[in-house]
$ cat data05.pdb   # PDB, C-alpha atoms and all ligand atoms
ATOM      1  CA  MET A   4      19.195 -16.607 -66.439
ATOM      2  CA  SER A   5      18.992 -20.054 -68.036
ATOM      3  CA  ASP A   6      20.337 -23.147 -66.246
ATOM      4  CA  GLN A   7      23.438 -23.032 -68.425
ATOM      5  CA  GLU A   8      24.063 -19.370 -67.619
ATOM      6  CA  ILE A   9      23.616 -20.025 -63.892
ATOM      7  CA  GLU A  10      26.095 -22.928 -64.032
ATOM      8  CA  PHE A  11      28.545 -20.888 -66.130
ATOM      9  CA  ASN A  12      28.306 -18.059 -63.612
ATOM     10  CA  HIS A  13      28.969 -20.493 -60.774
ATOM     11  CA  LEU A  14      31.834 -22.358 -62.453
ATOM     12  CA  PHE A  15      33.698 -19.130 -63.284
ATOM     13  CA  ARG A  16      32.763 -17.215 -60.110
ATOM     14  CA  GLU A  17      36.412 -16.872 -59.022
ATOM     15  CA  GLU A  18      37.187 -15.280 -62.400
ATOM     16  CA  GLY A  19      34.281 -12.815 -62.209
ATOM     17  CA  GLY A  20      31.271 -14.902 -63.257
ATOM     18  CA  ILE A  21      29.150 -14.393 -66.346
ATOM     19  CA  TYR A  22      29.436 -11.058 -68.132
ATOM     20  CA  ARG A  23      26.180  -9.173 -68.423
ATOM     21  CA  GLY A  24      27.504  -5.636 -68.549
ATOM     22  CA  LYS A  25      27.240  -2.680 -70.855
ATOM     23  CA  ILE A  26      29.881  -3.777 -73.334
ATOM     24  CA  VAL A  27      27.869  -6.860 -74.274
ATOM     25  CA  GLU A  28      25.339  -4.449 -75.765
ATOM     26  CA  GLN A  29      27.880  -3.615 -78.453
ATOM     27  CA  THR A  30      27.062  -5.272 -81.762
ATOM     28  CA  GLN A  31      30.503  -6.882 -81.986
ATOM     29  CA  PHE A  32      29.974  -8.801 -78.765
ATOM     30  CA  HIS A  33      26.531  -9.968 -79.738
ATOM     31  CA  SER A  34      27.867 -11.222 -83.048
ATOM     32  CA  MET A  35      30.701 -13.003 -81.225
ATOM     33  CA  LEU A  36      28.267 -14.922 -78.999
ATOM     34  CA  PHE A  37      26.028 -15.675 -81.959
ATOM     35  CA  LEU A  38      28.994 -16.924 -83.964
ATOM     36  CA  ALA A  39      30.240 -19.088 -81.094
ATOM     37  CA  ASP A  40      26.812 -20.706 -80.783
ATOM     38  CA  LYS A  41      26.696 -21.394 -84.507
ATOM     39  CA  LEU A  42      30.174 -22.919 -84.434
ATOM     40  CA  ILE A  43      29.237 -25.225 -81.584
ATOM     41  CA  GLU A  44      25.978 -26.161 -83.321
ATOM     42  CA  GLY A  45      27.951 -27.091 -86.448
ATOM     43  CA  PHE A  46      30.430 -29.204 -84.521
ATOM     44  CA  LYS A  47      27.764 -31.048 -82.592
ATOM     45  CA  THR A  48      26.959 -32.914 -85.769
ATOM     46  CA  SER A  49      30.599 -33.946 -86.305
ATOM     47  CA  GLU A  50      31.783 -37.445 -85.432
ATOM     48  CA  ARG A  51      34.172 -36.533 -82.621
ATOM     49  CA  ALA A  52      31.810 -34.212 -80.771
ATOM     50  CA  ARG A  53      28.710 -36.345 -80.770
ATOM     51  CA  ASP A  54      26.762 -36.213 -77.514
ATOM     52  CA  LEU A  55      28.926 -33.506 -76.000
ATOM     53  CA  ASP A  56      27.099 -30.688 -74.274
ATOM     54  CA  ILE A  57      29.134 -27.493 -74.688
ATOM     55  CA  TYR A  58      28.161 -23.987 -73.624
ATOM     56  CA  VAL A  59      30.048 -20.812 -74.584
ATOM     57  CA  ASP A  60      29.815 -17.392 -72.940
ATOM     58  CA  VAL A  61      31.787 -14.360 -71.783
ATOM     59  CA  ILE A  62      33.476 -14.088 -68.368
ATOM     60  CA  ASP A  63      33.292 -10.782 -66.499
ATOM     61  CA  ASN A  64      37.030 -10.337 -66.292
ATOM     62  CA  PHE A  65      39.109  -7.629 -67.984
ATOM     63  CA  SER A  66      42.369  -9.545 -68.099
ATOM     64  CA  ILE A  67      43.364 -11.398 -71.295
ATOM     65  CA  ASN A  68      42.377 -15.031 -70.938
ATOM     66  CA  ALA A  69      40.141 -17.887 -72.072
ATOM     67  CA  CYS A  70      39.259 -21.078 -70.265
ATOM     68  CA  VAL A  71      37.516 -24.407 -70.643
ATOM     69  CA  GLY A  72      35.752 -26.072 -67.737
ATOM     70  CA  LYS A  73      33.571 -29.024 -66.917
ATOM     71  CA  LYS A  74      30.781 -29.482 -64.415
ATOM     72  CA  GLY A  75      28.860 -32.731 -64.357
ATOM     73  CA  GLU A  76      28.617 -33.855 -67.966
ATOM     74  CA  ARG A  77      28.547 -30.344 -69.434
ATOM     75  CA  TYR A  78      31.575 -28.537 -70.827
ATOM     76  CA  TYR A  79      32.046 -24.773 -70.803
ATOM     77  CA  ILE A  80      34.103 -22.362 -72.880
ATOM     78  CA  GLY A  81      34.627 -18.973 -71.272
ATOM     79  CA  ILE A  82      36.235 -16.019 -73.003
ATOM     80  CA  ASN A  83      37.181 -13.035 -70.855
ATOM     81  CA  VAL A  84      35.560  -9.773 -71.837
ATOM     82  CA  GLY A  85      39.093  -8.319 -71.791
ATOM     83  CA  VAL A  86      39.915 -10.324 -74.931
ATOM     84  CA  LEU A  87      36.931  -8.790 -76.739
ATOM     85  CA  VAL A  88      37.862  -5.288 -75.640
ATOM     86  CA  LEU A  89      41.467  -5.778 -76.733
ATOM     87  CA  LEU A  90      40.538  -7.151 -80.147
ATOM     88  CA  SER A  91      37.871  -4.548 -80.911
ATOM     89  CA  ASN A  92      39.993  -1.647 -79.860
ATOM     90  CA  MET A  93      43.208  -2.726 -81.575
ATOM     91  CA  LEU A  94      41.570  -3.858 -84.817
ATOM     92  CA  PHE A  95      39.618  -0.632 -85.221
ATOM     93  CA  ARG A  96      42.764   1.292 -84.333
ATOM     94  CA  MET A  97      44.534  -0.514 -87.192
ATOM     95  CA  PHE A  98      41.866   0.117 -89.811
ATOM     96  CA  SER A  99      41.240   3.735 -88.828
ATOM     97  CA  SER A 100      44.840   4.515 -89.804
ATOM     98  CA  ASN A 101      45.551   5.997 -93.233
ATOM     99  CA  SER A 102      48.877   4.169 -93.485
ATOM    100  CA  ILE A 103      47.978   0.620 -92.353
ATOM    101  CA  LEU A 104      46.751  -2.097 -94.764
ATOM    102  CA  THR A 105      46.113   0.621 -97.353
ATOM    103  CA  GLU A 106      45.160  -1.902-100.047
ATOM    104  CA  VAL A 107      41.883  -2.532 -98.186
ATOM    105  CA  GLY A 108      39.100  -0.051 -99.105
ATOM    106  CA  ASP A 109      39.837   3.669 -99.238
ATOM    107  CA  ALA A 110      42.463   4.384 -96.595
ATOM    108  CA  SER A 111      42.640   8.062 -97.582
ATOM    109  CA  LYS A 112      39.426   8.614 -95.577
ATOM    110  CA  GLU A 113      41.225   7.545 -92.405
ATOM    111  CA  ARG A 114      43.366   9.441 -89.916
ATOM    112  CA  VAL A 115      46.990   9.515 -88.898
ATOM    113  CA  THR A 116      47.881   6.380 -86.891
ATOM    114  CA  ARG A 117      47.446   6.667 -83.156
ATOM    115  CA  LYS A 118      50.456   4.778 -81.912
ATOM    116  CA  ILE A 119      50.609   2.836 -78.705
ATOM    117  CA  HIS A 120      53.935   2.209 -77.072
ATOM    118  CA  ASP A 121      53.533  -1.502 -76.535
ATOM    119  CA  ALA A 122      51.227  -3.525 -78.806
ATOM    120  CA  GLN A 123      51.244  -6.510 -76.446
ATOM    121  CA  ILE A 124      49.008  -4.494 -74.176
ATOM    122  CA  ARG A 125      47.766  -5.978 -70.924
ATOM    123  CA  ASP A 126      46.261  -2.868 -69.373
ATOM    124  CA  ILE A 127      42.723  -3.053 -70.710
ATOM    125  CA  GLN A 128      41.609  -0.003 -68.731
ATOM    126  CA  THR A 129      43.623   2.290 -70.997
ATOM    127  CA  LEU A 130      41.856   0.751 -74.001
ATOM    128  CA  LEU A 131      38.435   1.094 -72.365
ATOM    129  CA  ASP A 132      39.063   4.778 -71.779
ATOM    130  CA  ASP A 133      39.064   5.484 -75.517
ATOM    131  CA  PHE A 134      36.885   2.588 -76.624
ATOM    132  CA  ASN A 135      34.814   4.239 -79.350
ATOM    133  CA  GLU A 136      37.293   6.638 -80.835
ATOM    134  CA  ASP A 137      38.664   4.476 -83.584
ATOM    135  CA  LEU A 138      35.682   3.573 -85.759
ATOM    136  CA  THR A 139      36.774   3.755 -89.358
ATOM    137  CA  PRO A 140      34.616   5.832 -91.806
ATOM    138  CA  ASP A 141      35.303   3.606 -94.839
ATOM    139  CA  GLU A 142      32.769   0.780 -95.147
ATOM    140  CA  THR A 143      35.121  -1.747 -96.687
ATOM    141  CA  ARG A 144      37.685  -1.156 -93.946
ATOM    142  CA  LEU A 145      34.934  -1.412 -91.340
ATOM    143  CA  ALA A 146      33.869  -4.741 -92.869
ATOM    144  CA  ALA A 147      37.501  -5.891 -92.845
ATOM    145  CA  ALA A 148      37.872  -4.989 -89.150
ATOM    146  CA  SER A 149      34.744  -7.059 -88.424
ATOM    147  CA  PHE A 150      36.132  -9.960 -90.458
ATOM    148  CA  PHE A 151      39.395  -9.794 -88.500
ATOM    149  CA  PHE A 152      37.458  -9.817 -85.222
ATOM    150  CA  LYS A 153      35.289 -12.722 -86.338
ATOM    151  CA  SER A 154      38.266 -14.751 -87.621
ATOM    152  CA  ILE A 155      40.208 -14.368 -84.386
ATOM    153  CA  ILE A 156      37.191 -15.281 -82.235
ATOM    154  CA  GLU A 157      36.572 -18.308 -84.460
ATOM    155  CA  PHE A 158      40.169 -19.382 -83.968
ATOM    156  CA  ILE A 159      39.974 -18.914 -80.183
ATOM    157  CA  VAL A 160      36.664 -20.791 -79.841
ATOM    158  CA  LEU A 161      37.908 -23.651 -82.037
ATOM    159  CA  HIS A 162      41.137 -23.785 -80.031
ATOM    160  CA  GLU A 163      39.170 -24.015 -76.774
ATOM    161  CA  TYR A 164      36.815 -26.528 -78.333
ATOM    162  CA  ALA A 165      39.840 -28.717 -79.128
ATOM    163  CA  HIS A 166      40.860 -28.665 -75.453
ATOM    164  CA  ILE A 167      37.489 -30.344 -74.807
ATOM    165  CA  ILE A 168      37.164 -32.887 -77.608
ATOM    166  CA  ASP A 169      40.860 -33.862 -77.517
ATOM    167  CA  GLY A 170      40.384 -34.794 -73.858
ATOM    168  CA  HIS A 171      42.646 -32.147 -72.293
ATOM    169  CA  ILE A 172      40.129 -30.911 -69.724
ATOM    170  CA  ASP A 173      39.133 -34.475 -68.774
ATOM    171  CA  TYR A 174      42.833 -35.325 -68.355
ATOM    172  CA  CYS A 175      43.200 -32.222 -66.197
ATOM    173  CA  ILE A 176      40.329 -33.397 -63.951
ATOM    174  CA  ASP A 177      41.673 -36.972 -63.760
ATOM    175  CA  THR A 178      45.294 -36.062 -62.985
ATOM    176  CA  ILE A 179      45.394 -32.814 -61.030
ATOM    177  CA  ARG A 180      41.748 -32.769 -59.894
ATOM    178  CA  VAL A 181      41.051 -29.322 -61.302
ATOM    179  CA  CYS A 182      37.978 -28.670 -63.450
ATOM    180  CA  LYS A 183      39.246 -25.579 -65.305
ATOM    181  CA  LEU A 184      42.018 -25.279 -67.876
ATOM    182  CA  PHE A 185      43.204 -21.711 -68.516
ATOM    183  CA  GLU A 186      45.144 -20.292 -71.447
ATOM    184  CA  ILE A 187      47.100 -18.102 -69.064
ATOM    185  CA  GLN A 188      47.365 -19.701 -65.658
ATOM    186  CA  PRO A 189      46.125 -17.342 -62.892
ATOM    187  CA  THR A 190      48.396 -17.261 -59.850
ATOM    188  CA  TYR A 191      45.572 -18.436 -57.545
ATOM    189  CA  ALA A 192      44.725 -21.544 -59.605
ATOM    190  CA  VAL A 193      46.354 -24.963 -59.912
ATOM    191  CA  GLY A 194      47.536 -26.074 -63.350
ATOM    192  CA  PHE A 195      49.923 -28.430 -65.116
ATOM    193  CA  ASP A 196      53.546 -27.670 -64.282
ATOM    194  CA  ASN A 197      55.227 -29.307 -67.270
ATOM    195  CA  PRO A 198      55.883 -26.717 -70.029
ATOM    196  CA  VAL A 199      56.597 -29.355 -72.682
ATOM    197  CA  PHE A 200      53.275 -31.062 -72.008
ATOM    198  CA  GLN A 201      51.448 -27.717 -71.971
ATOM    199  CA  GLN A 202      52.993 -26.587 -75.247
ATOM    200  CA  THR A 203      52.108 -29.922 -76.822
ATOM    201  CA  ILE A 204      48.419 -29.629 -75.979
ATOM    202  CA  GLU A 205      48.454 -25.989 -77.130
ATOM    203  CA  LEU A 206      49.868 -26.970 -80.511
ATOM    204  CA  GLN A 207      47.331 -29.766 -80.774
ATOM    205  CA  ALA A 208      44.555 -27.253 -80.092
ATOM    206  CA  ASP A 209      46.007 -24.813 -82.655
ATOM    207  CA  ASP A 210      46.161 -27.596 -85.211
ATOM    208  CA  PHE A 211      42.474 -28.341 -84.721
ATOM    209  CA  ALA A 212      41.608 -24.632 -84.918
ATOM    210  CA  ILE A 213      43.477 -24.284 -88.226
ATOM    211  CA  PHE A 214      41.636 -27.287 -89.636
ATOM    212  CA  GLY A 215      38.277 -25.931 -88.433
ATOM    213  CA  CYS A 216      38.978 -22.477 -89.862
ATOM    214  CA  LEU A 217      39.905 -23.997 -93.238
ATOM    215  CA  HIS A 218      36.542 -25.752 -93.373
ATOM    216  CA  LEU A 219      34.753 -22.523 -92.498
ATOM    217  CA  LEU A 220      36.699 -20.680 -95.211
ATOM    218  CA  HIS A 221      35.899 -23.407 -97.715
ATOM    219  CA  ASP A 222      32.183 -23.151 -96.879
ATOM    220  CA  THR A 223      32.443 -19.383 -97.246
ATOM    221  CA  GLN A 224      33.954 -19.802-100.711
ATOM    222  CA  LEU A 225      31.118 -22.174-101.608
ATOM    223  CA  GLY A 226      28.590 -19.557-100.499
ATOM    224  CA  LYS A 227      27.314 -21.588 -97.507
ATOM    225  CA  PHE A 228      28.186 -18.708 -95.168
ATOM    226  CA  PRO A 229      27.363 -15.146 -96.109
ATOM    227  CA  VAL A 230      30.254 -12.784 -96.615
ATOM    228  CA  ASN A 231      29.985  -9.010 -96.710
ATOM    229  CA  PRO A 232      29.717  -8.098-100.448
ATOM    230  CA  LEU A 233      32.453  -5.496 -99.947
ATOM    231  CA  LEU A 234      34.866  -8.307 -99.033
ATOM    232  CA  LYS A 235      33.929 -10.725-101.835
ATOM    233  CA  PRO A 236      37.082  -9.956-103.885
ATOM    234  CA  TYR A 237      39.133 -11.510-101.063
ATOM    235  CA  PHE A 238      37.358 -14.862-101.356
ATOM    236  CA  LYS A 239      37.741 -15.571-105.043
ATOM    237  CA  ASP A 240      40.160 -18.516-104.661
ATOM    238  CA  TRP A 241      42.197 -20.351-102.009
ATOM    239  CA  LYS A 242      45.211 -18.129-102.429
ATOM    240  CA  SER A 243      43.381 -14.839-101.847
ATOM    241  CA  THR A 244      41.131 -16.356 -99.156
ATOM    242  CA  LEU A 245      44.031 -17.750 -97.117
ATOM    243  CA  GLN A 246      46.099 -14.631 -97.549
ATOM    244  CA  PHE A 247      43.225 -12.511 -96.239
ATOM    245  CA  TRP A 248      42.415 -14.950 -93.386
ATOM    246  CA  TYR A 249      46.032 -15.162 -92.253
ATOM    247  CA  LEU A 250      46.181 -11.388 -91.702
ATOM    248  CA  PRO A 251      43.959 -11.578 -88.572
ATOM    249  CA  ILE A 252      45.417 -14.901 -87.405
ATOM    250  CA  TYR A 253      48.982 -13.619 -87.494
ATOM    251  CA  THR A 254      47.747 -10.393 -85.854
ATOM    252  CA  TYR A 255      46.348 -12.544 -83.049
ATOM    253  CA  PHE A 256      49.639 -14.426 -82.566
ATOM    254  CA  ARG A 257      51.466 -11.112 -82.618
ATOM    255  CA  PHE A 258      49.314  -9.575 -79.874
ATOM    256  CA  PHE A 259      50.812 -12.213 -77.619
ATOM    257  CA  GLY A 260      54.446 -12.000 -78.578
ATOM    258  CA  HIS A 261      57.237  -9.724 -79.681
ATOM    259  CA  LEU A 262      60.856 -10.646 -80.386
ATOM    260  CA  ASN A 263      60.536 -14.410 -80.158
ATOM    261  CA  GLN A 264      63.088 -15.806 -77.785
ATOM    262  CA  PRO A 265      63.887 -19.494 -78.270
ATOM    263  CA  HIS A 266      64.960 -19.850 -74.609
ATOM    264  CA  SER A 267      61.361 -19.100 -73.549
ATOM    265  CA  LEU A 268      60.427 -22.377 -75.234
ATOM    266  CA  LYS A 269      61.682 -24.171 -72.145
ATOM    267  CA  LYS A 270      59.461 -22.479 -69.613
ATOM    268  CA  SER A 271      56.390 -20.893 -71.201
ATOM    269  CA  SER A 272      52.987 -22.560 -71.307
ATOM    270  CA  HIS A 273      52.437 -21.652 -74.976
ATOM    271  CA  PRO A 274      54.764 -22.102 -77.931
ATOM    272  CA  ILE A 275      56.409 -18.867 -79.076
ATOM    273  CA  PRO A 276      54.483 -17.084 -81.895
ATOM    274  CA  ALA A 277      57.150 -18.143 -84.416
ATOM    275  CA  VAL A 278      56.368 -21.807 -83.735
ATOM    276  CA  ARG A 279      52.609 -21.217 -83.835
ATOM    277  CA  SER A 280      52.843 -19.416 -87.181
ATOM    278  CA  TYR A 281      55.130 -22.120 -88.546
ATOM    279  CA  LEU A 282      52.546 -24.735 -87.558
ATOM    280  CA  VAL A 283      49.841 -22.791 -89.398
ATOM    281  CA  LEU A 284      51.801 -22.801 -92.657
ATOM    282  CA  GLU A 285      52.752 -26.461 -92.339
ATOM    283  CA  SER A 286      49.183 -27.444 -91.461
ATOM    284  CA  LEU A 287      47.767 -25.443 -94.362
ATOM    285  CA  ASP A 288      49.986 -27.397 -96.743
ATOM    286  CA  HIS A 289      48.911 -30.691 -95.222
ATOM    287  CA  PHE A 290      45.176 -29.973 -95.115
ATOM    288  CA  LEU A 291      45.033 -28.408 -98.551
ATOM    289  CA  ASP A 292      46.773 -31.435-100.004
ATOM    290  CA  ASN A 293      44.975 -34.185 -98.094
ATOM    291  CA  ASP A 294      41.524 -32.751 -97.471
ATOM    292  CA  PHE A 295      41.021 -30.304-100.298
ATOM    293  CA  HIS A 296      43.305 -31.879-102.948
ATOM    294  CA  LEU A 297      44.914 -28.606-103.846
ATOM    295  CA  PRO A 298      48.442 -29.075-105.118
ATOM    296  CA  ASP A 299      49.678 -25.437-105.034
ATOM    297  CA  HIS A 300      51.363 -25.629-101.634
ATOM    298  CA  GLU A 301      54.169 -23.298-102.286
ATOM    299  CA  GLU A 302      52.110 -20.527-103.785
ATOM    300  CA  VAL A 303      49.635 -20.609-100.909
ATOM    301  CA  SER A 304      52.427 -20.610 -98.313
ATOM    302  CA  LEU A 305      54.103 -17.670-100.008
ATOM    303  CA  SER A 306      50.841 -15.736 -99.986
ATOM    304  CA  CYS A 307      50.598 -16.310 -96.206
ATOM    305  CA  ILE A 308      54.180 -15.191 -95.701
ATOM    306  CA  GLU A 309      53.196 -12.010 -97.532
ATOM    307  CA  SER A 310      50.489 -11.559 -94.898
ATOM    308  CA  ILE A 311      53.117 -11.915 -92.150
ATOM    309  CA  PHE A 312      55.094  -9.049 -93.706
ATOM    310  CA  LYS A 313      51.957  -6.889 -93.979
ATOM    311  CA  ILE A 314      51.121  -7.411 -90.312
ATOM    312  CA  GLU A 315      54.719  -6.806 -89.246
ATOM    313  CA  ASP A 316      54.473  -3.487 -91.127
ATOM    314  CA  THR A 317      51.206  -2.845 -89.287
ATOM    315  CA  PHE A 318      52.782  -3.420 -85.876
ATOM    316  CA  ASP A 319      55.735  -1.295 -86.901
ATOM    317  CA  GLN A 320      53.344   1.579 -87.687
ATOM    318  CA  MET A 321      51.077   1.063 -84.711
ATOM    319  CA  SER A 322      53.559   0.475 -81.894
ATOM    320  CA  GLU A 323      57.001   1.765 -81.035
ATOM    321  CA  GLN A 324      58.557  -1.699 -80.850
ATOM    322  CA  GLY A 325      59.461  -2.208 -84.490
ATOM    323  CA  LYS A 326      59.173  -5.339 -86.573
ATOM    324  CA  ASP A 327      59.701  -8.868 -85.400
ATOM    325  CA  LEU A 328      60.830 -10.946 -88.337
ATOM    326  CA  LYS A 329      62.440 -13.708 -86.310
ATOM    327  CA  ALA A 330      59.418 -15.871 -87.026
ATOM    328  CA  LEU A 331      60.538 -15.978 -90.640
ATOM    329  CA  VAL A 332      64.088 -17.096 -89.905
ATOM    330  CA  ILE A 333      62.767 -20.626 -89.622
ATOM    331  CA  TYR A 334      62.093 -20.618 -93.368
TER     332      TYR A 334
HETATM  333 ZN    ZN B 401      44.970 -23.452 -75.316
END
$ encode --input "data05.pdb" --output "structure tokens"
Amino acid sequence: MSDQEIEFNHLFREEGGIYRGKIVEQTQFHSMLFLADKLIEGFKTSERARDLDIYVDVIDNFSINACVGKKGERYYIGINVGVLVLLSNMLFRMFSSNSILTEVGDASKERVTRKIHDAQIRDIQTLLDDFNEDLTPDETRLAAASFFFKSIIEFIVLHEYAHIIDGHIDYCIDTIRVCKLFEIQPTYAVGFDNPVFQQTIELQADDFAIFGCLHLLHDTQLGKFPVNPLLKPYFKDWKSTLQFWYLPIYTYFRFFGHLNQPHSLKKSSHPIPAVRSYLVLESLDHFLDNDFHLPDHEEVSLSCIESIFKIEDTFDQMSEQGKDLKALVIY
């Protein structure tokens, strides 16, 4: 192992250490690590991140979590292997259905949807048991599933990255003397105990992730990043690009919430999905106007709301919980 891997393994030893198991041999996981490295490389040249030493890897832990840490002058981003298992399994389950997102590729090649009772699944073992059963036969749908996976990982890594460059982990070390900041606080670890403060830093991290994703999408449109030729029709302009990108992002928010309850605002560490999705749409308007000088706010927002409806339909088909349209009440 390299020095960085040894330190990563040591820093996250309570969580399971570095993941070097069989699942990492899967192409999806290799591409995730490769993508994370490329993202970090890109950000190292940006103004805010100059001189920061950041290492990203996978933690050998099958619960759903991600974490940033610091040891010496080096920062670490750890993503639990459980997150990768969840995303792979659920995304391929979606696209291997002949009634979900049927406008993508040829859905008639797919099978009847295999429902799961609760889409906010936390029991990764049940997903591991049927890990390879949901590969879709249609190449466009397979490419779309990979794009969804990549987009969500990008969002997570950028979100964690924000916890570093916005000073959250340093603040954590200075105030509560803990060198790890988790997305979901484990019972054995010490964390911040002020939900309003926690939700504020989470929204700040989301805001950065949205901005970072927009730049990546813009570069994709400009041809700086390769896109699977089968998916090119989805990147022809901002409207189609954002509509396609928001499908996986809303899917990601939705994995972590169903039936948004405003009272949970007072005690949870993360904002409810309705607030996160509202921030995305507001931020898109702001960034498109100020950074990309694109005046069509309303049209772009409406195209993203269309994506929300498509994913709510998806969850309605895939799980037995029904739709959750409370997020849209805010509009
Ligand atoms: Zn966070």
$ residues_near_ligand --input "data05.pdb" --ligand "ligand ZN 401 (chain B)" --cutoff "10 Å" --atoms "only C-alpha atoms and all ligand atoms" --output "number ranges by chain"
A: 68-71, 159-166, 171, 184-187, 201-209, 272-273
$ write_last_selection --input "data05.pdb" --atoms "C-alpha atoms" --output "compact mmCIF listing (two decimals), in the coordinates of the input"
# COMPACT_ATOMS: atom_id res chain seq x y z
CA ASN A 68 42.38 -15.03 -70.94
CA ALA A 69 40.14 -17.89 -72.07
CA CYS A 70 39.26 -21.08 -70.26
CA VAL A 71 37.52 -24.41 -70.64
CA ILE A 159 39.97 -18.91 -80.18
CA VAL A 160 36.66 -20.79 -79.84
CA LEU A 161 37.91 -23.65 -82.04
CA HIS A 162 41.14 -23.78 -80.03
CA GLU A 163 39.17 -24.02 -76.77
CA TYR A 164 36.82 -26.53 -78.33
CA ALA A 165 39.84 -28.72 -79.13
CA HIS A 166 40.86 -28.66 -75.45
CA HIS A 171 42.65 -32.15 -72.29
CA LEU A 184 42.02 -25.28 -67.88
CA PHE A 185 43.20 -21.71 -68.52
CA GLU A 186 45.14 -20.29 -71.45
CA ILE A 187 47.10 -18.10 -69.06
CA GLN A 201 51.45 -27.72 -71.97
CA GLN A 202 52.99 -26.59 -75.25
CA THR A 203 52.11 -29.92 -76.82
CA ILE A 204 48.42 -29.63 -75.98
CA GLU A 205 48.45 -25.99 -77.13
CA LEU A 206 49.87 -26.97 -80.51
CA GLN A 207 47.33 -29.77 -80.77
CA ALA A 208 44.56 -27.25 -80.09
CA ASP A 209 46.01 -24.81 -82.66
CA SER A 272 52.99 -22.56 -71.31
CA HIS A 273 52.44 -21.65 -74.98
$ atom_distance --input "data05.pdb" --atom1 "CA of Ile80 (chain A)" --atom2 "CA of Ile9 (chain A)"
14.0 Å
$ resolve_selection --input "data05.pdb" --expression "the PyMOL selection byres (((chain A and resi 139-154) around 7) and not hetatm)" --output "number ranges by chain"
A: 35, 90-91, 94-95, 98-99, 107-109, 112-113, 137-138, 155-158, 231, 233-234, 251
$ closest_residue --input "data05.pdb" --among "A:Lys41, A:Lys183, A:Lys270, A:Arg77" --to "Asp54 (chain A)" --atoms "all atoms listed in the file"
A:Arg77
$ resolve_selection --input "data05.pdb" --expression "the PyMOL selection byres (((chain A and resi 304-312) around 7) and not hetatm)" --output "NGL selection string"
:A and (242 or 245-246 or 249-250 or 253 or 284 or 300-303 or 313-316)
$ atom_distance --input "data05.pdb" --atom1 "CA of Val88 (chain A)" --atom2 "CA of Phe247 (chain A)"
22.5 Å
$ closest_residue --input "data05.pdb" --among "A:Ala39, A:Ile21, A:Leu297, A:Leu55" --to "Ile168 (chain A)" --atoms "only C-alpha atoms"
A:Leu55
$ atom_distance --input "data05.pdb" --atom1 "CA of Leu14 (chain A)" --atom2 "CA of Phe258 (chain A)"
27.8 Å
$ residues_around --input "data05.pdb" --residues "Asp63 (chain A)" --least-positions-apart "6" --cutoff "10 Å" --atoms "all atoms listed in the file" --output "PyMOL selection string"
chain A and resi 12+15-16+18-24+81-85
$ write_last_selection --input "data05.pdb" --atoms "C-alpha atoms" --output "CSV table (one decimal), in the frame of the given file"
chain,number,residue,atom,x,y,z
A,12,ASN,CA,28.3,-18.1,-63.6
A,15,PHE,CA,33.7,-19.1,-63.3
A,16,ARG,CA,32.8,-17.2,-60.1
A,18,GLU,CA,37.2,-15.3,-62.4
A,19,GLY,CA,34.3,-12.8,-62.2
A,20,GLY,CA,31.3,-14.9,-63.3
A,21,ILE,CA,29.2,-14.4,-66.3
A,22,TYR,CA,29.4,-11.1,-68.1
A,23,ARG,CA,26.2,-9.2,-68.4
A,24,GLY,CA,27.5,-5.6,-68.5
A,81,GLY,CA,34.6,-19.0,-71.3
A,82,ILE,CA,36.2,-16.0,-73.0
A,83,ASN,CA,37.2,-13.0,-70.9
A,84,VAL,CA,35.6,-9.8,-71.8
A,85,GLY,CA,39.1,-8.3,-71.8
$ closest_residue --input "data05.pdb" --among "A:Asp210, A:Ala110, A:Asp173, A:Thr178" --to "Glu285 (chain A)" --atoms "only C-alpha atoms"
A:Asp210
$ closest_residue --input "data05.pdb" --among "A:Trp241, A:Asp196, A:Leu38, A:Ile67" --to "Leu287 (chain A)" --atoms "all atoms listed in the file"
A:Trp241
$ residues_around --input "data05.pdb" --residues "Asp240 (chain A)" --least-positions-apart "4" --cutoff "10 Å" --atoms "only C-alpha atoms" --output "VMD selection string"
chain A and resid 221 224 236 244 to 245
$ closest_residue --input "data05.pdb" --among "A:Val199, A:Asp121, A:Lys73, A:Val86" --to "Cys175 (chain A)" --atoms "all atoms listed in the file"
A:Lys73
$ resolve_selection --input "data05.pdb" --expression "the PyMOL selection byres (((chain A and resi 116) around 9) and not hetatm)" --output "PDB file with C-alpha atoms, keeping the file's coordinate frame"
ATOM      1  CA  ARG A  96      42.764   1.292 -84.333  1.00  0.00           C
ATOM      2  CA  MET A  97      44.534  -0.514 -87.192  1.00  0.00           C
ATOM      3  CA  SER A  99      41.240   3.735 -88.828  1.00  0.00           C
ATOM      4  CA  SER A 100      44.840   4.515 -89.804  1.00  0.00           C
ATOM      5  CA  ASN A 101      45.551   5.997 -93.233  1.00  0.00           C
ATOM      6  CA  SER A 102      48.877   4.169 -93.485  1.00  0.00           C
ATOM      7  CA  ILE A 103      47.978   0.620 -92.353  1.00  0.00           C
ATOM      8  CA  GLU A 113      41.225   7.545 -92.405  1.00  0.00           C
ATOM      9  CA  ARG A 114      43.366   9.441 -89.916  1.00  0.00           C
ATOM     10  CA  VAL A 115      46.990   9.515 -88.898  1.00  0.00           C
ATOM     11  CA  ARG A 117      47.446   6.667 -83.156  1.00  0.00           C
ATOM     12  CA  LYS A 118      50.456   4.778 -81.912  1.00  0.00           C
ATOM     13  CA  GLN A 320      53.344   1.579 -87.687  1.00  0.00           C
ATOM     14  CA  MET A 321      51.077   1.063 -84.711  1.00  0.00           C
TER      15      MET A 321
END
$ residues_around --input "data05.pdb" --residues "Leu220 (chain A)" --least-positions-apart "2" --cutoff "10 Å" --atoms "all atoms listed in the file" --output "PyMOL selection string"
chain A and resi 154+214-218+222-228+238+241+244-245+248
